[in-house]
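In what follows, a structure is listed as structure tokens, so that the remarks can point back to it.
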Amino acid sequence: MDITTILGLILGVGFLGGAFVMEGGHITSLFQITAAMIVFGGTFAALMVSTPMEQLKQIPKILKIAFTHKSRDPLEVIDELVILATIARREGILALEEKIDTYDDEFFKNGVRLVVDGVDPELVRSIMETELSFIEERHNKGAQIFEQMGGFAPTMGIIGTVMGLVHVLSNLEDAAKLGPAIALAFIATLYGVASANLAWLPIANKLKVRSKQEVLIRELMIEGILSIQAGENPNILAQKLKVFLAPTSRTKNEAAEREVGGTNVETA
Amino acid sequence: MDITTILGLILGVGFLGGAFVMEGGHITSLFQITAAMIVFGGTFAALMVSTPMEQLKQIPKILKIAFTHKSRDPLEVIDELVILATIARREGILALEEKIDTYDDEFFKNGVRLVVDGVDPELVRSIMETELSFIEERHNKGAQIFEQMGGFAPTMGIIGTVMGLVHVLSNLEDAAKLGPAIALAFIATLYGVASANLAWLPIANKLKVRSKQEVLIRELMIEGILSIQAGENPNILAQKLKVFLAPTSRTKNEAAEREVGGTNVETA
Amino acid sequence: MDITTILGLILGVGFLGGAFVMEGGHITSLFQITAAMIVFGGTFAALMVSTPMEQLKQIPKILKIAFTHKSRDPLEVIDELVILATIARREGILALEEKIDTYDDEFFKNGVRLVVDGVDPELVRSIMETELSFIEERHNKGAQIFEQMGGFAPTMGIIGTVMGLVHVLSNLEDAAKLGPAIALAFIATLYGVASANLAWLPIANKLKVRSKQEVLIRELMIEGILSIQAGENPNILAQKLKVFLAPTSRTKNEAAEREVGGTNVETA
Amino acid sequence: MDITTILGLILGVGFLGGAFVMEGGHITSLFQITAAMIVFGGTFAALMVSTPMEQLKQIPKILKIAFTHKSRDPLEVIDELVILATIARREGILALEEKIDTYDDEFFKNGVRLVVDGVDPELVRSIMETELSFIEERHNKGAQIFEQMGGFAPTMGIIGTVMGLVHVLSNLEDAAKLGPAIALAFIATLYGVASANLAWLPIANKLKVRSKQEVLIRELMIEGILSIQAGENPNILAQKLKVFLAPTSRTKNEAAEREVGGTNVETA
Amino acid sequence: MDITTILGLILGVGFLGGAFVMEGGHITSLFQITAAMIVFGGTFAALMVSTPMEQLKQIPKILKIAFTHKSRDPLEVIDELVILATIARREGILALEEKIDTYDDEFFKNGVRLVVDGVDPELVRSIMETELSFIEERHNKGAQIFEQMGGFAPTMGIIGTVMGLVHVLSNLEDAAKLGPAIALAFIATLYGVASANLAWLPIANKLKVRSKQEVLIRELMIEGILSIQAGENPNILAQKLKVFLAPTSRTKNEAAEREVGGTNVETA
């Protein structure tokens with residue numbers, strides 16, 4: 001569960017709506033069905049022109065990742081790899097076969113299976129890295145869908161506002177209604193800019209961060225599996241893999257603050 | 001048939017026009033011939049200055065791709081390659097010659113012909129990759145034409161609106177007409193922003209996605225043809241090529257959701 | 001003669017001016033000397049600060065390329081190379097010497113001369129590729145001058161409009177003149193946005209397209225000259241070089257539609 | 001202590017506030033709680049959606065770097081390396097062991113330890129460069145957080161202003177209050193643009209500059225440690241490492257103006 | 001002396017100021033101390049937050065380059081290299097030692113010294129290229145300072161204008177002063193956009209062009225010094241180095257139009 005995505009959205013709507021009410025506005029004056037049609041309908045229509053159906057169908061899955069995904073702790077992955085390395089050294093590579101079905105991760109299972117099958121190390125690396133590069137590309141496509149929405153939404157907002165102004169200015173008979181009518185026209189800009197900057201663009205970024213964490217864990221797996229195949233010492237393996245992590249993430253008792261390639265910018 | 005392109009355009013125009021009518025506007029007040037001249041004429045003129053005639057002539061062909069292209073199912077391509085590999089192992093490379101004319105794809109035919117002609121594998125790869133890189137560049141040029149239109153259109157809209165305002169502000173005698181005249185001026189902005197964001201930019205993106213799918217299929221072909229030349233086992237060939245696909249696209253019974261390097265971001 | 005550049009400019013000015021007149025504006029109200037001074041003078045001044053004198057002096061030459069350049073037909077270049085290859089195989093490399101002076105292209109002449117002089121193939125490639133990379137860089141500089149103008153012009157337009165508004169708003173005595181005065185101020189924005197989007201940016205793009213075509217032809221020359229030096233078969237040479245062209249450009253009877261690495265996006 | 005960061009912020013607020021007061025404005029009219037909620041609250045909410053919790057928690061640490069970090073003098077690092085090289089040549093590599101605990105820098109300690117442990121030079125380089133690339137990536141993430149804030153803040157300002165205008169225009173009963181109400185609405189734009197351009201974006205840039213300096217010092221360490229392992233002459237080592245520095249930074253008596261890869265653009 | 005930088009600035013201010021006066025404005029109405037404080041003070045403050053003190057101190061030196069730098073004629077550098085090559089072939093490498101002190105350029109002196117000292121060619125290239133890459137990075141930092149100023153200045157202008165509008169709209173008692181007060185507010189936008197587009201951004205570009213010329217000359221030096229070390233023939237050396245120059249720059253009698261990798265886009 002990635003609490004920040006949903007919490008950020010709630011906070012953002014709360015700050016904006018709260019400030020509007022504090023200034024004395026009626027929250028209902030921020031709701032307008034035609035502006036929503038133009039901005040959200042228009043954004044979706046533009047996305048439809050730009051993106052094949054197969055990818056549009058993935059949107060719910062992708063959203064689920066942004067809201068609930070929690071990457072695996074890389075230390076656990078390293079521990080698993082160390083256990084496998086120990087078994088391999090003690091009982092031989094073939095002894096890993098019965099462990100394969102205990103894992104969920106298809107990528108990891110495939111890697112271990114290749115090693116058990118005695119595939120050449122060069123080829124194992126090449127197959128796993130090809131697969132990883134396609135995983136990365138798929139992740140990027142998911143993030144790009146939301147980046148595109150973040151680009152279309154504000155322009156749809158402008159279109160809605162311009163259409164509102166066209167309508168207002170064409171019918172100036174009742175000057176008293178001019179103000180409220182222009183106010184209505186601006187709601188579209190509001191929807192466009194707010195949806196892009198509170199939702200679409202931040203979600204695209206969250207997806208990219210998650211993808212990087214996933215990719216890092218898979219890089220750990222590739223290095224680890226190849227080391228196991230080469231019969232390396234389990235302790236050295238653990239040392240080698242921990243270089244991939246931020247210094248503060250290298251020990252288990254700080255689990256709460258642990259991170260994968262996190263942002264701590266301390267001297268070392 | 002790529003239904004999303006045409007459907008997205010219809011939906012987009014529908015949402016925008018529908019919202020305008022729901023607010024009480026007359027749909028006819030959105031049509032204005034001078035704004036169309038400035039925005040669509042100006043965009044085309046700018047495109048003409050920026051792009052040689054040979055490429056402008058390709059626009060109808062390129063548009064057809066955005067609206068109707070459906071990429072080949074990569075699993076079918078893999079199946080064809082497996083069949084060829086089986087023939088090659090059973091009857092020898094030369095037996096592939098009679099299959100060549102049964103294919104439509106020039107790129108694939110050329111590749112198989114090179115193998116049948118006994119060209120050196122290194123050279124086969126080099127020729128096919130050079131050809132693929134030029135195919136990619138041609139695709140990019142097609143997408144760039146629409147990206148350029150997406151860049152020119154909103155500025156032409158601004159030009160149209162500024163020219164409208166210049167006209168209006170120079171002739172203020174009749175204040176009552178000021179509102180409708182300014183409304184008319186804004187139609188140009190509307191045309192520019194809407195054409196760029198509902199049509200040109202999304203079409204450019206659709207073309208890029210289609211190009212990536214085409215290129216992936218051709219990469220499959222190159223790998224497959226070289227493996228056939230090397231006399232690899234057809235089963236191993238199938239395994240190797242499926243790494244190029246998203247996990248959900250690797251089996252045939254999920255054909256409806258199949259995709260090439262699609263967006264499913266699941267764990268493996 | 002590249003008819004599209006001049007035709008596009010005429011069409012662009014025609015569409016914009018025509019629409020203005022159709023709306024009932026006087027075409028003379030679009031001409032304003034002070035706006036022209038600010039936009040075109042300011043753009044040129046900014047260009048002068050950003051670009052050394054040697055490069056500014058090249059502007060007329062560069063413009064001539066955008067308006068008149070027609071790249072050589074790559075098929076003719078291939079034909080020439082095939083003729084040279086035939087001579088070289090029949091009469092030896094040295095027989096090429098007397099052909100050198102029949103060519104106009106300095107790059108091509110230098111390449112053939114290096115081969116005749118018996119320079120090592122590695123060095124021939126290295127010298128020709130270095131020269132090509134400097135040609136490319138020179139072309140880029142030419143395009144960048146117009147890209148910079150396309151960046152400066154709209155901001156100069158904004159400066160002109162702001163200065164106009166400052167003048168107007170400082171002297172509000174005669175309210176009746178307010179409208180026409182603001183109209184005048186907007187002319188600067190019009191000049192800036194229109195010159196950037198109808199001329200400077202499209203011309204920069206045309207120069208880049210032309211450069212790519214030139215570079216492709218020179219790449220053909222490098223490959224061809226090295227193949228001649230290696231004594232390759234003229235027929236194989238022709239086949240090898242045609243991979244550089246779009247499929248529709250590979251035969252001579254379609255000369256009118258022929259293109260270098262053109263935009264046809266057909267399946268192969 | 002990096003005095004420029006805090007000084008720049010004070011100066012910036014001073015110039016802006018001072019100018020406002022000089023024009024006769026009351027400084028209190030620049031404070032508005034709802035605008036602050038929208039801009040700062042909204043920016044933080046967007047950041048929360050876009051960034052995982054682990055990274056948000058690093059913000060105080062990262063800010064501390066922007067305000068207080070002073071990179072180590074690279075000449076001191078070179079001196080330390082020369083001392084180590086001298087010890088290593090005189091007493092052997094193992095003699096370095098007792099020096100390890102005298103250093104603070106984890107990265108440096110790890111490097112020396114690897115050499116003392118007799119790890120293969122290739123592997124030392126690979127481990128140290130992998131670690132450095134992850135340090136760089138962590139630094140980049142820190143800078144990106146502030147770059148994102150610099151992107152969100154102005155759009156939140158626009159949202160605040162549009163919401164203010166919506167409120168004002170919906171309630172035009174009291175025309176006299178129109179001006180002050182619009183003024184209030186603009187405060188949000190002011191907060192958004194000013195916070196982005198005086199704080200978030202410059203801080204992001206400062207973090208990047210600091211990161212480059214850190215990385216350069218670590219590159220010095222890698223080169224130095226590997227040279228020590230190779231038993232190179234301490235004097236040659238000093239010469240070799242000083243190439244990494246700007247010419248004006250290579251001698252100690254100019255310590256005040258010394259810089260790491262600084263901006264002096266003199267001829268050599 | 002690079003006359004274009006100062007001339008361009010004078011011309012730019014002349015065109016803008018001249019046009020304003022021609023429209024009947026008083027030139028003094030363009031001067032406003034508070035707008036200058038906000039735009040220039042704010043830009044400087046933002047630069048201070050973003051850039052360490054060591055680099056800020058380099059600004060005068062960098063500006064001097066933009067205004068006065070004239071790169072050395074690459075043909076002179078080639079001549080010097082040919083002379084050195086001739087001496088080296090006639091009297092041996094060691095004979096170059098007495099020439100070292102006759103040069104001003106530290107980079108060139110260091111290179112010749114390395115050769116005289118008999119350092120391994122691989123190492124000479126590596127040291128010189130490392131030094132060149134740091135020179136390039138220092139140049140880039142100089143240009144980036146002005147690019148940043150070009151990014152901050154217009155936003156400071158917007159801040160100034162918004163603050164002016166806030167002040168004006170909060171105090172609408174005297175409607176007659178509204179126009180002039182808004183005019184004053186726009187001066188800040190004028191300062192921001194004009195300083196960025198007439199000064200900061202063009203100067204950044206000029207610095208980049210100068211840097212490229214410097215780097216090209218140093219690449220000539222590296223190639224030349226290594227050829228001398230290899231004992232190459234002085235005539236061949238001259239031929240080889242001239243490939244780095246534009247064709248029109250290869251002969252001395254056109255010295256006035258000579259350029260380094262200039263923009264002449266002629267066919268060869």
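Naming works like this for the structure tokens: A, B, ... for the chains as they're shown, residue 1 at the start of each chain, ligands 1 onward in shown order.
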Q. Can you list, as a PyMOL selection string, every protein, DNA or RNA residue that comes within 6 Å of segment 145-162 of chain E when you count only C-alpha atoms, leaving out same-chain residues fewer than 2 positions away?
A. (chain D and resi 190) or (chain E and resi 38-39+43+142-143+164-165+185-186+188-189+192-193+196+200-201+204)
Export, as a short mmCIF file (atom, residue, chain, number, x, y, z; two decimals), in the first residue's frame, the selected residues with all heavy atoms.
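Output file again-v4.cif follows:
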```cif
data_model
loop_
_atom_site.label_atom_id
_atom_site.label_comp_id
_atom_site.auth_asym_id
_atom_site.auth_seq_id
_atom_site.Cartn_x
_atom_site.Cartn_y
_atom_site.Cartn_z
N LEU D 190 1.76 35.16 -7.43
CA LEU D 190 2.99 35.70 -6.88
C LEU D 190 3.73 34.64 -6.05
O LEU D 190 4.93 34.40 -6.24
CB LEU D 190 2.64 36.90 -5.99
CG LEU D 190 3.77 37.82 -5.61
CD1 LEU D 190 4.34 38.48 -6.84
CD2 LEU D 190 3.26 38.89 -4.64
N ILE E 38 13.42 44.65 -8.68
CA ILE E 38 12.80 43.33 -8.70
C ILE E 38 13.45 42.44 -9.75
O ILE E 38 13.85 41.29 -9.47
CB ILE E 38 11.28 43.46 -8.95
CG1 ILE E 38 10.62 44.14 -7.75
CG2 ILE E 38 10.66 42.10 -9.21
CD1 ILE E 38 9.18 44.52 -7.97
N VAL E 39 13.61 42.97 -10.97
CA VAL E 39 14.10 42.12 -12.06
C VAL E 39 15.59 41.82 -11.91
O VAL E 39 16.01 40.66 -11.88
CB VAL E 39 13.78 42.74 -13.43
CG1 VAL E 39 14.46 41.94 -14.53
CG2 VAL E 39 12.28 42.78 -13.65
N THR E 43 16.87 38.51 -10.11
CA THR E 43 17.64 37.58 -10.94
C THR E 43 18.97 37.25 -10.27
O THR E 43 19.38 36.09 -10.20
CB THR E 43 17.91 38.20 -12.34
OG1 THR E 43 16.66 38.46 -12.97
CG2 THR E 43 18.72 37.26 -13.20
N GLY E 142 30.19 28.43 -17.36
CA GLY E 142 30.08 29.86 -17.61
C GLY E 142 28.84 30.18 -18.42
O GLY E 142 28.07 31.09 -18.08
N ALA E 143 28.61 29.40 -19.48
CA ALA E 143 27.42 29.65 -20.31
C ALA E 143 26.15 29.38 -19.52
O ALA E 143 25.15 30.10 -19.67
CB ALA E 143 27.47 28.77 -21.56
N GLY E 164 2.99 44.80 -8.94
CA GLY E 164 2.46 46.12 -9.31
C GLY E 164 0.94 46.09 -9.41
O GLY E 164 0.26 46.99 -8.90
N LEU E 165 0.41 45.05 -10.07
CA LEU E 165 -1.04 44.97 -10.21
C LEU E 165 -1.72 44.80 -8.85
O LEU E 165 -2.78 45.39 -8.60
CB LEU E 165 -1.42 43.80 -11.14
CG LEU E 165 -1.01 43.98 -12.60
CD1 LEU E 165 -1.35 42.72 -13.40
CD2 LEU E 165 -1.70 45.19 -13.22
N ALA E 185 3.52 48.96 -13.85
CA ALA E 185 3.64 47.54 -13.50
C ALA E 185 4.22 46.73 -14.68
O ALA E 185 4.99 45.79 -14.49
CB ALA E 185 2.28 46.98 -13.09
N PHE E 186 3.86 47.14 -15.90
CA PHE E 186 4.35 46.40 -17.06
C PHE E 186 5.85 46.59 -17.32
O PHE E 186 6.48 45.80 -18.01
CB PHE E 186 3.56 46.80 -18.32
CG PHE E 186 2.28 46.05 -18.46
CD1 PHE E 186 1.08 46.71 -18.68
CD2 PHE E 186 2.26 44.66 -18.37
CE1 PHE E 186 -0.11 46.02 -18.80
CE2 PHE E 186 1.07 43.96 -18.50
CZ PHE E 186 -0.11 44.64 -18.71
N ALA E 188 8.22 46.10 -15.42
CA ALA E 188 8.98 44.96 -14.90
C ALA E 188 9.01 43.81 -15.92
O ALA E 188 10.06 43.21 -16.17
CB ALA E 188 8.36 44.47 -13.58
N THR E 189 7.85 43.53 -16.55
CA THR E 189 7.84 42.50 -17.59
C THR E 189 8.81 42.87 -18.71
O THR E 189 9.57 42.04 -19.22
CB THR E 189 6.41 42.34 -18.17
OG1 THR E 189 5.57 41.82 -17.14
CG2 THR E 189 6.40 41.39 -19.34
N GLY E 192 12.34 42.25 -17.67
CA GLY E 192 12.65 40.81 -17.58
C GLY E 192 12.83 40.18 -18.94
O GLY E 192 13.82 39.50 -19.20
N VAL E 193 11.84 40.40 -19.83
CA VAL E 193 11.90 39.76 -21.15
C VAL E 193 13.04 40.34 -21.99
O VAL E 193 13.77 39.60 -22.67
CB VAL E 193 10.54 39.91 -21.88
CG1 VAL E 193 10.61 39.27 -23.25
CG2 VAL E 193 9.44 39.25 -21.06
N ALA E 196 16.54 39.20 -20.73
CA ALA E 196 16.80 37.80 -21.05
C ALA E 196 17.10 37.61 -22.52
O ALA E 196 18.05 36.90 -22.89
CB ALA E 196 15.59 36.95 -20.65
N TRP E 200 21.10 38.13 -21.68
CA TRP E 200 21.53 36.89 -21.03
C TRP E 200 21.58 35.69 -21.97
O TRP E 200 22.60 34.99 -22.06
CB TRP E 200 20.67 36.57 -19.81
CG TRP E 200 20.42 37.72 -18.88
CD1 TRP E 200 19.26 38.03 -18.26
CD2 TRP E 200 21.35 38.74 -18.46
NE1 TRP E 200 19.38 39.16 -17.50
CE2 TRP E 200 20.66 39.62 -17.60
CE3 TRP E 200 22.69 39.01 -18.74
CZ2 TRP E 200 21.26 40.73 -17.01
CZ3 TRP E 200 23.29 40.12 -18.16
CH2 TRP E 200 22.58 40.95 -17.31
N LEU E 201 20.47 35.43 -22.68
CA LEU E 201 20.46 34.24 -23.54
C LEU E 201 21.42 34.38 -24.72
O LEU E 201 22.17 33.43 -25.01
CB LEU E 201 19.04 33.93 -24.01
CG LEU E 201 18.07 33.52 -22.89
CD1 LEU E 201 16.66 33.33 -23.45
CD2 LEU E 201 18.53 32.24 -22.21
N ALA E 204 24.89 33.82 -23.44
CA ALA E 204 25.14 32.40 -23.17
C ALA E 204 25.48 31.66 -24.47
O ALA E 204 26.39 30.82 -24.52
CB ALA E 204 23.91 31.77 -22.51
#
```
Q: Could you list, as a ChimeraX atom specification, the residues of chain A having an atom within 8 Å of chain B when counting only C-alpha atoms?
A: /A:34-35,37-38,41-42,44-55,58,61-62,65,105-107,127,130-131,134-135,137-139,141-142,152,155-156,159-160,162-167,169-172
Q: Tell me which protein, DNA and RNA residues are within 8 Å of Arg218 of chain D, counting only C-alpha atoms, leaving out same-chain ones fewer than 2 positions away, and put them as a ChimeraX atom specification.
A: /D:107-108,132,214-216,220-222
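Atom CA of Glu76 of chain D is positioned 28.0 Å from atom CA of Gln144 of chain E.
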Q.
For a test of reading the model, state the distance in Å between atom CA of Asp117 of chain C and atom CA of Pro234 of chain C, rounded to one decimal.
A.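 It comes out at 21.1 Å.
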Q: Tell me which of E:Ala230, E:Arg90, E:Leu84, E:Lys57 sits closest to Glu122 of chain E, counting only C-alpha atoms.
A: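 With only C-alpha atoms as the atom set, the closest residue is E:Ala230.
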